[in-house]
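One file, entry.csv, carrying CSV, C-alpha atoms:
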chain,number,residue,atom,x,y,z
A,1,MET,CA,2.9,142.0,17.9
A,2,GLY,CA,5.0,139.5,16.0
A,3,SER,CA,8.0,138.2,17.9
A,4,VAL,CA,11.2,136.6,16.7
A,5,ALA,CA,14.2,134.9,18.4
A,6,SER,CA,17.5,134.9,16.6
A,7,GLU,CA,20.4,132.5,17.0
A,8,ASP,CA,22.8,135.4,16.8
A,9,GLU,CA,21.0,138.5,18.0
A,10,ALA,CA,17.5,139.8,18.6
A,11,SER,CA,15.6,141.0,15.6
A,12,THR,CA,12.1,142.4,15.2
A,13,ALA,CA,9.5,141.5,12.7
A,14,VAL,CA,7.6,144.6,11.4
A,15,SER,CA,4.0,144.6,12.5
A,16,VAL,CA,1.1,146.8,11.2
A,17,SER,CA,-2.6,146.9,11.8
A,18,LEU,CA,-5.3,146.1,9.3
A,19,SER,CA,-6.7,149.6,9.7
A,20,GLU,CA,-3.3,151.1,8.8
A,21,LEU,CA,-3.4,149.1,5.6
A,22,LYS,CA,-6.9,150.1,4.8
A,23,ASP,CA,-6.2,153.8,5.5
A,24,ASN,CA,-3.0,153.7,3.4
A,25,THR,CA,-1.0,155.0,6.4
A,26,VAL,CA,1.8,152.4,6.4
A,27,SER,CA,4.9,154.5,5.7
A,28,LEU,CA,7.4,153.7,2.9
A,29,GLU,CA,10.1,153.4,5.5
A,30,THR,CA,8.0,150.7,7.3
A,31,LEU,CA,7.7,148.8,4.0
A,32,GLU,CA,11.5,149.0,3.5
A,33,ARG,CA,12.1,147.6,7.0
A,34,ALA,CA,9.6,144.8,6.3
A,35,PHE,CA,10.7,143.8,2.8
A,36,GLY,CA,13.8,145.8,1.7
A,37,PRO,CA,17.3,144.4,1.2
A,38,ALA,CA,18.2,144.4,4.9
A,39,SER,CA,14.9,143.0,6.1
A,40,LEU,CA,13.5,139.7,7.2
A,41,GLY,CA,11.1,139.8,4.3
A,42,ILE,CA,8.0,139.4,6.4
A,43,ILE,CA,5.3,141.6,7.9
A,44,ILE,CA,2.8,140.8,10.6
A,45,VAL,CA,-0.8,142.1,10.3
A,46,ARG,CA,-2.8,142.4,13.5
A,47,ASP,CA,-6.4,143.5,14.3
A,48,LEU,CA,-8.0,141.1,11.8
A,49,PRO,CA,-11.7,140.6,11.5
A,50,PRO,CA,-13.3,139.2,14.6
A,51,GLY,CA,-14.2,135.8,13.1
A,52,TYR,CA,-10.6,135.1,12.0
A,53,PRO,CA,-9.2,133.2,15.1
A,54,GLU,CA,-12.1,130.8,15.1
A,55,LEU,CA,-11.8,130.1,11.4
A,56,ARG,CA,-8.1,129.5,11.8
A,57,HIS,CA,-8.6,127.1,14.7
A,58,MET,CA,-11.3,125.2,12.9
A,59,LEU,CA,-9.5,124.8,9.5
A,60,LEU,CA,-6.1,123.9,11.1
A,61,SER,CA,-8.0,121.2,13.2
A,62,TYR,CA,-9.3,119.8,9.9
A,63,SER,CA,-5.8,119.4,8.7
A,64,SER,CA,-5.3,116.7,11.4
A,65,TYR,CA,-8.7,115.2,10.6
A,66,LEU,CA,-7.9,115.1,6.9
A,67,THR,CA,-4.5,113.6,7.3
A,68,ASN,CA,-5.8,110.7,9.4
A,69,LEU,CA,-8.5,109.6,6.9
A,70,PRO,CA,-8.1,106.2,5.4
A,71,ASP,CA,-5.6,105.9,2.6
A,72,SER,CA,-8.3,105.0,0.1
A,73,THR,CA,-10.2,108.2,0.9
A,74,LEU,CA,-7.1,110.3,0.5
A,75,ALA,CA,-6.3,108.6,-2.8
A,76,SER,CA,-9.8,109.6,-4.1
A,77,VAL,CA,-8.8,113.3,-3.8
A,78,GLU,CA,-5.3,113.0,-5.4
A,79,LYS,CA,-4.7,114.4,-8.9
A,80,PRO,CA,-1.6,112.7,-10.2
A,81,GLU,CA,-2.0,114.4,-13.6
A,82,THR,CA,-1.3,117.8,-11.8
A,83,SER,CA,1.9,116.4,-10.2
A,84,TYR,CA,-0.1,116.3,-7.0
A,85,SER,CA,-0.4,120.1,-6.8
A,86,VAL,CA,-4.2,119.9,-6.6
A,87,GLY,CA,-5.9,118.1,-3.8
A,88,TRP,CA,-4.1,115.7,-1.5
A,89,SER,CA,-0.3,115.2,-1.7
A,90,CYS,CA,2.0,113.2,0.6
A,91,GLY,CA,5.4,111.5,-0.2
A,92,LYS,CA,5.4,112.8,-3.8
A,93,GLU,CA,7.9,115.6,-3.5
A,94,THR,CA,11.6,114.8,-3.7
A,95,LEU,CA,14.2,116.5,-1.5
A,96,ALA,CA,17.9,117.3,-2.0
A,97,ASN,CA,19.2,113.7,-2.4
A,98,GLY,CA,16.2,112.4,-4.4
A,99,ARG,CA,14.4,110.8,-1.5
A,100,TYR,CA,10.7,111.4,-1.0
A,101,ASP,CA,9.4,113.9,1.6
A,102,THR,CA,7.2,111.8,3.8
A,103,LEU,CA,7.3,114.2,6.8
A,104,LYS,CA,4.3,116.3,5.8
A,105,GLY,CA,1.0,116.0,4.0
A,106,SER,CA,-0.6,118.9,1.9
A,107,TYR,CA,-3.9,119.8,0.5
A,108,TYR,CA,-3.8,122.2,-2.4
A,109,ALA,CA,-6.6,124.4,-3.8
A,110,GLN,CA,-7.0,127.6,-5.8
A,111,PRO,CA,-9.1,130.1,-3.7
A,112,VAL,CA,-9.6,132.8,-6.4
A,113,HIS,CA,-12.3,131.9,-8.9
A,114,ASP,CA,-13.1,133.7,-12.2
A,115,ALA,CA,-14.6,131.5,-14.9
A,116,GLU,CA,-13.4,133.7,-17.8
A,117,LEU,CA,-9.8,134.0,-16.5
A,118,GLU,CA,-9.7,130.2,-15.7
A,119,ARG,CA,-10.8,129.5,-19.3
A,120,LYS,CA,-8.1,131.9,-20.6
A,121,ALA,CA,-5.4,130.1,-18.6
A,122,ARG,CA,-6.4,126.7,-19.9
A,123,GLU,CA,-6.5,127.9,-23.5
A,124,LEU,CA,-3.2,129.7,-23.4
A,125,TYR,CA,-1.3,127.1,-21.3
A,126,PRO,CA,-3.0,123.7,-22.0
A,127,LYS,CA,0.0,121.8,-20.6
A,128,CYS,CA,0.1,123.7,-17.3
A,129,ILE,CA,-2.5,121.7,-15.6
A,130,GLU,CA,-0.7,122.2,-12.2
A,131,MET,CA,-2.1,125.7,-12.2
A,132,THR,CA,-5.3,125.3,-14.3
A,133,SER,CA,-6.9,122.1,-13.0
A,134,PRO,CA,-10.1,122.5,-11.0
A,135,ASN,CA,-10.2,122.0,-7.3
A,136,VAL,CA,-11.2,118.6,-5.8
A,137,TRP,CA,-12.8,118.2,-2.3
A,138,PRO,CA,-13.6,115.3,0.0
A,139,SER,CA,-17.3,114.6,0.3
A,140,GLU,CA,-19.4,116.4,2.9
A,141,ASP,CA,-20.0,113.0,4.6
A,142,THR,CA,-16.2,112.6,5.0
A,143,LEU,CA,-15.2,116.1,6.1
A,144,PRO,CA,-18.4,118.2,6.7
A,145,GLY,CA,-17.8,121.9,6.1
A,146,PHE,CA,-14.2,121.5,4.9
A,147,GLU,CA,-14.5,123.2,1.6
A,148,GLN,CA,-16.4,126.1,3.0
A,149,LEU,CA,-14.0,126.6,5.9
A,150,PHE,CA,-11.0,126.4,3.5
A,151,GLU,CA,-12.4,129.0,1.2
A,152,GLN,CA,-13.6,131.4,3.9
A,153,LEU,CA,-10.2,131.5,5.6
A,154,CYS,CA,-8.4,131.9,2.2
A,155,HIS,CA,-10.6,134.8,1.3
A,156,ILE,CA,-9.6,136.7,4.5
A,157,ILE,CA,-6.0,136.0,3.7
A,158,VAL,CA,-6.3,137.1,0.0
A,159,ASP,CA,-8.2,140.2,1.0
A,160,THR,CA,-5.5,141.1,3.6
A,161,ALA,CA,-2.7,140.3,1.1
A,162,ALA,CA,-4.3,142.7,-1.4
A,163,LEU,CA,-4.1,145.5,1.2
A,164,VAL,CA,-0.4,144.7,1.8
A,165,ALA,CA,0.1,144.7,-2.0
A,166,ARG,CA,-1.6,148.1,-2.3
A,167,SER,CA,0.9,149.5,0.1
A,168,CYS,CA,3.7,147.9,-1.9
A,169,ASP,CA,2.2,149.6,-5.0
A,170,ARG,CA,2.5,153.0,-3.2
A,171,TYR,CA,6.1,152.3,-2.7
A,172,GLY,CA,6.6,151.3,-6.3
A,173,VAL,CA,5.0,154.5,-7.6
A,174,ALA,CA,7.0,156.6,-5.3
A,175,LYS,CA,10.4,154.9,-5.8
A,176,LEU,CA,10.5,153.2,-9.2
A,177,GLU,CA,10.4,154.9,-12.5
A,178,ASP,CA,7.4,154.1,-14.7
A,179,TYR,CA,5.9,151.7,-12.1
A,180,GLN,CA,2.3,151.1,-12.9
A,181,PRO,CA,-0.2,151.9,-10.1
A,182,GLY,CA,-2.2,148.9,-8.8
A,183,THR,CA,0.2,146.3,-10.3
A,184,LEU,CA,0.5,144.1,-7.2
A,185,GLU,CA,-3.0,144.7,-5.8
A,186,ASN,CA,-4.5,143.6,-9.1
A,187,ILE,CA,-2.4,140.5,-9.2
A,188,VAL,CA,-3.4,139.5,-5.7
A,189,ARG,CA,-7.1,140.2,-6.1
A,190,THR,CA,-7.7,138.7,-9.5
A,191,SER,CA,-5.1,136.0,-10.2
A,192,VAL,CA,-6.5,132.5,-10.7
A,193,SER,CA,-2.9,131.2,-10.3
A,194,THR,CA,-3.0,131.8,-6.5
A,195,LYS,CA,-2.6,128.5,-4.7
A,196,ALA,CA,-3.5,127.6,-1.1
A,197,ARG,CA,-1.7,124.8,0.8
A,198,LEU,CA,-3.1,123.4,4.0
A,199,LEU,CA,-0.2,121.6,5.7
A,200,HIS,CA,0.1,118.9,8.3
A,201,TYR,CA,3.6,118.1,9.6
A,202,PHE,CA,3.5,114.7,11.0
A,203,PRO,CA,4.8,113.9,14.5
A,204,PRO,CA,8.5,112.9,14.4
A,205,PRO,CA,9.1,109.2,13.5
A,206,PRO,CA,11.0,106.9,15.8
A,207,SER,CA,14.7,107.7,15.7
A,208,LYS,CA,16.6,105.8,13.0
A,209,SER,CA,20.1,105.8,11.6
A,210,GLU,CA,20.8,108.4,8.9
A,211,ASP,CA,20.7,105.8,6.2
A,212,GLU,CA,17.2,104.6,7.3
A,213,ARG,CA,15.7,108.0,7.7
A,214,PRO,CA,12.8,108.7,5.4
A,215,ASP,CA,14.1,111.8,3.7
A,216,SER,CA,17.2,113.8,3.1
A,217,ALA,CA,16.4,116.6,5.6
A,218,MET,CA,16.2,114.5,8.7
A,219,ALA,CA,19.8,115.2,9.8
A,220,THR,CA,19.6,118.9,9.2
A,221,ASP,CA,17.9,121.9,10.8
A,222,ASP,CA,15.3,122.2,8.0
A,223,ASP,CA,13.9,118.7,8.4
A,224,TRP,CA,10.2,119.6,8.3
A,225,CYS,CA,10.6,121.8,5.2
A,226,ALA,CA,13.9,122.4,3.4
A,227,THR,CA,15.2,126.0,2.9
A,228,HIS,CA,13.6,127.7,-0.1
A,229,THR,CA,12.2,130.9,-1.4
A,230,ASP,CA,8.6,131.2,-2.6
A,231,LEU,CA,7.8,131.6,-6.2
A,232,GLY,CA,4.9,134.1,-6.1
A,233,ALA,CA,4.3,137.7,-4.9
A,234,LEU,CA,3.2,137.5,-1.3
A,235,THR,CA,2.7,134.4,0.8
A,236,GLY,CA,0.1,134.6,3.5
A,237,LEU,CA,0.7,132.5,6.6
A,238,THR,CA,-1.4,131.6,9.6
A,239,SER,CA,0.3,131.0,12.9
A,240,GLN,CA,1.2,127.4,13.4
A,241,MET,CA,-1.0,125.1,15.5
A,242,PHE,CA,0.5,122.3,17.6
A,243,VAL,CA,-1.7,119.3,18.3
A,244,ASP,CA,-0.9,116.4,20.6
A,245,GLU,CA,-2.4,113.6,18.5
A,246,GLU,CA,-1.8,111.0,21.1
A,247,ALA,CA,-3.8,112.8,23.8
A,248,GLN,CA,-6.4,114.0,21.2
A,249,PRO,CA,-6.7,111.4,18.4
A,250,PRO,CA,-8.2,113.3,15.4
A,251,PHE,CA,-10.9,110.8,14.6
A,252,ALA,CA,-14.0,112.5,16.1
A,253,LYS,CA,-17.5,112.5,14.6
A,254,PRO,CA,-19.4,115.6,13.6
A,255,ASP,CA,-21.0,117.5,16.5
A,256,LYS,CA,-24.5,119.0,16.6
A,257,SER,CA,-23.5,121.8,14.2
A,258,GLY,CA,-22.6,119.2,11.6
A,259,THR,CA,-18.9,120.0,11.7
A,260,LEU,CA,-16.0,118.3,13.4
A,261,PRO,CA,-15.1,119.9,16.7
A,262,PRO,CA,-11.9,122.0,17.0
A,263,LEU,CA,-9.0,120.1,18.5
A,264,PRO,CA,-7.3,121.4,21.6
A,265,GLU,CA,-4.3,123.5,20.7
A,266,LEU,CA,-1.0,123.4,22.7
A,267,ASP,CA,0.2,126.7,24.0
A,268,SER,CA,3.7,125.9,22.5
A,269,HIS,CA,5.9,123.1,21.4
A,270,PRO,CA,8.1,121.3,24.0
A,271,ASP,CA,11.0,122.0,21.7
A,272,PRO,CA,11.2,125.8,21.5
A,273,LYS,CA,13.2,125.8,18.2
A,274,THR,CA,10.5,124.0,16.3
A,275,GLY,CA,8.8,126.1,13.6
A,276,LEU,CA,9.4,128.7,10.9
A,277,TRP,CA,12.8,130.2,10.5
A,278,ILE,CA,14.1,132.9,8.1
A,279,LYS,CA,17.5,133.3,6.7
A,280,ASP,CA,18.3,137.0,6.3
A,281,ARG,CA,20.6,138.6,3.7
A,282,SER,CA,23.7,137.9,5.9
A,283,GLY,CA,22.8,134.2,6.3
A,284,ARG,CA,21.7,134.6,9.9
A,285,THR,CA,18.7,132.5,10.9
A,286,THR,CA,15.8,134.0,12.8
A,287,GLN,CA,12.8,132.2,14.3
A,288,ILE,CA,9.4,133.7,13.5
A,289,HIS,CA,6.4,133.5,15.9
A,290,ILE,CA,3.1,134.6,14.4
A,291,PRO,CA,0.4,135.3,17.0
A,292,ARG,CA,-2.7,133.3,16.6
A,293,ASP,CA,-4.9,136.3,15.9
A,294,CYS,CA,-2.5,137.7,13.3
A,295,LEU,CA,-1.4,136.9,9.7
A,296,ALA,CA,2.1,137.1,8.3
A,297,PHE,CA,3.1,137.9,4.7
A,298,GLN,CA,6.4,136.8,3.2
A,299,THR,CA,8.0,138.1,0.0
A,300,GLY,CA,8.4,135.8,-3.0
A,301,GLN,CA,10.4,135.8,-6.2
A,302,ALA,CA,7.7,137.4,-8.4
A,303,LEU,CA,7.5,140.3,-6.0
A,304,GLU,CA,11.3,140.8,-6.1
A,305,LEU,CA,11.2,140.9,-9.9
A,306,ILE,CA,8.2,143.2,-10.1
A,307,THR,CA,9.8,145.7,-7.7
A,308,ARG,CA,13.1,145.4,-9.5
A,309,GLY,CA,14.9,144.2,-6.5
A,310,SER,CA,13.7,146.8,-4.1
A,311,PHE,CA,11.9,144.1,-2.1
A,312,LYS,CA,13.7,140.8,-1.7
A,313,ALA,CA,12.4,137.2,-1.7
A,314,VAL,CA,13.2,135.6,1.6
A,315,PRO,CA,14.7,132.1,2.1
A,316,HIS,CA,13.0,130.2,4.9
A,317,PHE,CA,12.6,126.7,6.4
A,318,VAL,CA,10.7,124.8,9.0
A,319,ARG,CA,12.7,123.2,11.7
A,320,GLY,CA,11.2,119.9,13.1
A,321,THR,CA,12.2,118.0,16.2
A,322,THR,CA,13.0,114.5,17.5
A,323,VAL,CA,10.6,112.0,19.0
A,324,ASP,CA,12.2,112.4,22.5
A,325,LYS,CA,11.3,116.1,22.4
A,326,GLY,CA,8.2,116.1,20.3
A,327,GLY,CA,6.3,113.0,21.2
A,328,ARG,CA,3.2,112.7,19.1
A,329,ILE,CA,2.9,116.4,18.4
A,330,ALA,CA,1.9,117.5,14.9
A,331,ARG,CA,2.2,121.0,13.3
A,332,ASN,CA,-0.7,122.4,11.2
A,333,THR,CA,-0.7,125.6,9.2
A,334,LEU,CA,-2.1,127.3,6.1
A,335,ALA,CA,-0.1,129.1,3.4
A,336,VAL,CA,-1.7,131.1,0.6
A,337,PHE,CA,0.7,131.8,-2.3
A,338,THR,CA,-0.6,134.8,-4.2
A,339,GLN,CA,0.9,134.5,-7.7
A,340,PRO,CA,0.4,136.4,-11.0
A,341,ASN,CA,-1.8,135.0,-13.7
A,342,LEU,CA,0.3,132.8,-16.0
A,343,TRP,CA,0.4,135.5,-18.8
A,344,GLU,CA,1.2,138.5,-16.5
A,345,MET,CA,4.7,139.9,-16.9
A,346,VAL,CA,7.1,139.8,-13.9
A,347,ASP,CA,9.9,141.7,-15.7
A,348,ASP,CA,10.4,143.1,-19.1
A,349,ARG,CA,11.2,139.6,-20.6
A,350,ARG,CA,9.2,137.0,-18.8
A,351,ASP,CA,5.6,136.2,-17.9
A,352,PHE,CA,4.8,134.3,-14.8
A,353,ALA,CA,4.5,131.0,-16.6
A,354,THR,CA,8.1,131.3,-17.9
A,355,LEU,CA,9.3,132.2,-14.4
A,356,ALA,CA,7.5,129.1,-13.0
A,357,GLN,CA,9.0,126.9,-15.7
A,358,ALA,CA,12.5,128.1,-15.0
A,359,ILE,CA,12.3,127.6,-11.3
A,360,LEU,CA,10.1,124.6,-11.0
A,361,GLY,CA,11.1,122.8,-14.2
A,362,GLY,CA,7.5,122.5,-15.2
A,363,THR,CA,6.1,122.4,-18.8
A,364,VAL,CA,3.9,125.3,-19.8

Kindly return the structure encoded in the file as structure tokens.
Amino acid sequence: MGSVASEDEASTAVSVSLSELKDNTVSLETLERAFGPASLGIIIVRDLPPGYPELRHMLLSYSSYLTNLPDSTLASVEKPETSYSVGWSCGKETLANGRYDTLKGSYYAQPVHDAELERKARELYPKCIEMTSPNVWPSEDTLPGFEQLFEQLCHIIVDTAALVARSCDRYGVAKLEDYQPGTLENIVRTSVSTKARLLHYFPPPPSKSEDERPDSAMATDDDWCATHTDLGALTGLTSQMFVDEEAQPPFAKPDKSGTLPPLPELDSHPDPKTGLWIKDRSGRTTQIHIPRDCLAFQTGQALELITRGSFKAVPHFVRGTTVDKGGRIARNTLAVFTQPNLWEMVDDRRDFATLAQAILGGTV
């Protein structure tokens, strides 16, 4: 079961099993408690396929290995022309006061492939290369098995997200006039705009004065990732993995299997407040703990629009720590943002490309 700890009062994240999703037995009331106006906007899915925990452990270990590669190697998998939204990205995003975010590194890829739809997206939106540019991967010699691990784990997340979306469609058909059956499930299963982001939150830097701190969030609760709502429909999240990179330097060589060995995972972080927090509709902040053998799915802005406000996008942030509490402990996780194809309508006026442009300020 998913667990949460609130600063103000105890709250409970809704949890369902994979079999309930497959059998279409998740009640409409359960969906309202998970995603409705008074909810935390998140659902925990348990009883995943048997291979999931090992895949998660392996890929999140690779997040540390990747981030500690030489700068020249990381530069070879950057794509500046995509505004660093494909391949490696670190220190390229700006935060509230215009300073660069140097506290985390990201690796972006699109996990859903369809040559015809990808060609359509490039032809209709030639300037939207952030969402239409092909993936780039490190060589097998550099990170053996990385691409395969990345795509295998993403496929489990997308397939599970599609089942959550199917339950949301049942709600839409039952509660919303003229809601088209299969709307969200089709988006999740087929969209080539879906984006995966493998994240590595660096261990906290040495304490500095506020003026010397590397980004604008360092003096706030949301220092590892500022408060925001996601753009897409459903965001799939693995549980976070904490790695002591001082005790276990991530520079190992491939083992007999040809892959890099999984890194030892800490049971928890020394600072219990470190990790994912959600702001509910009243402004209360609630910490979310996703079990290692489970996935979580958060609501995004496209889902809110498609369900005409019945389900709400959820503001959330990642709280970091200080060097005296966190030592050399890094945080790794994977987020998969299921998003409509650029041409798909999110309301009666806008397609997803227009929504993305309005929110991200991009050119499409």

Original post:
Could you state the separation of atom CA of A:Pro181 and atom CA of A:Trp343 in Å, given to one decimal place?
Top reply: 18.6 Å

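Counting only C-alpha atoms and comparing A:His289, A:Arg166, A:Arg119, A:Arg349, the residue that lies closest to A:Ala13 is A:His289.
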
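The gap separating atom CA of A:Thr102 from atom CA of A:Asp230 is 20.5 Å, in Å to one decimal.
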
Subject >> Using all atoms listed in the file: which of A:Ile278, A:Glu265, A:Leu198, A:Leu18 has the shortest distance to A:Pro50 >> reply: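 Smallest separation from A:Pro50 among the options: A:Leu18.
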
**OP:** Would you work out the distance separating atom CA of A:Met131 from atom CA of A:Ala233, expressed in Å to one decimal?
**Re:** 15.4 Å

Original post:
Of the residues A:Ile44, A:Leu143, A:Met58, A:Leu21, which is the one nearest to A:Leu74, using all atoms listed in the file?
Top reply: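 Residue with the minimum atom-to-atom distance to A:Leu74: A:Leu143.
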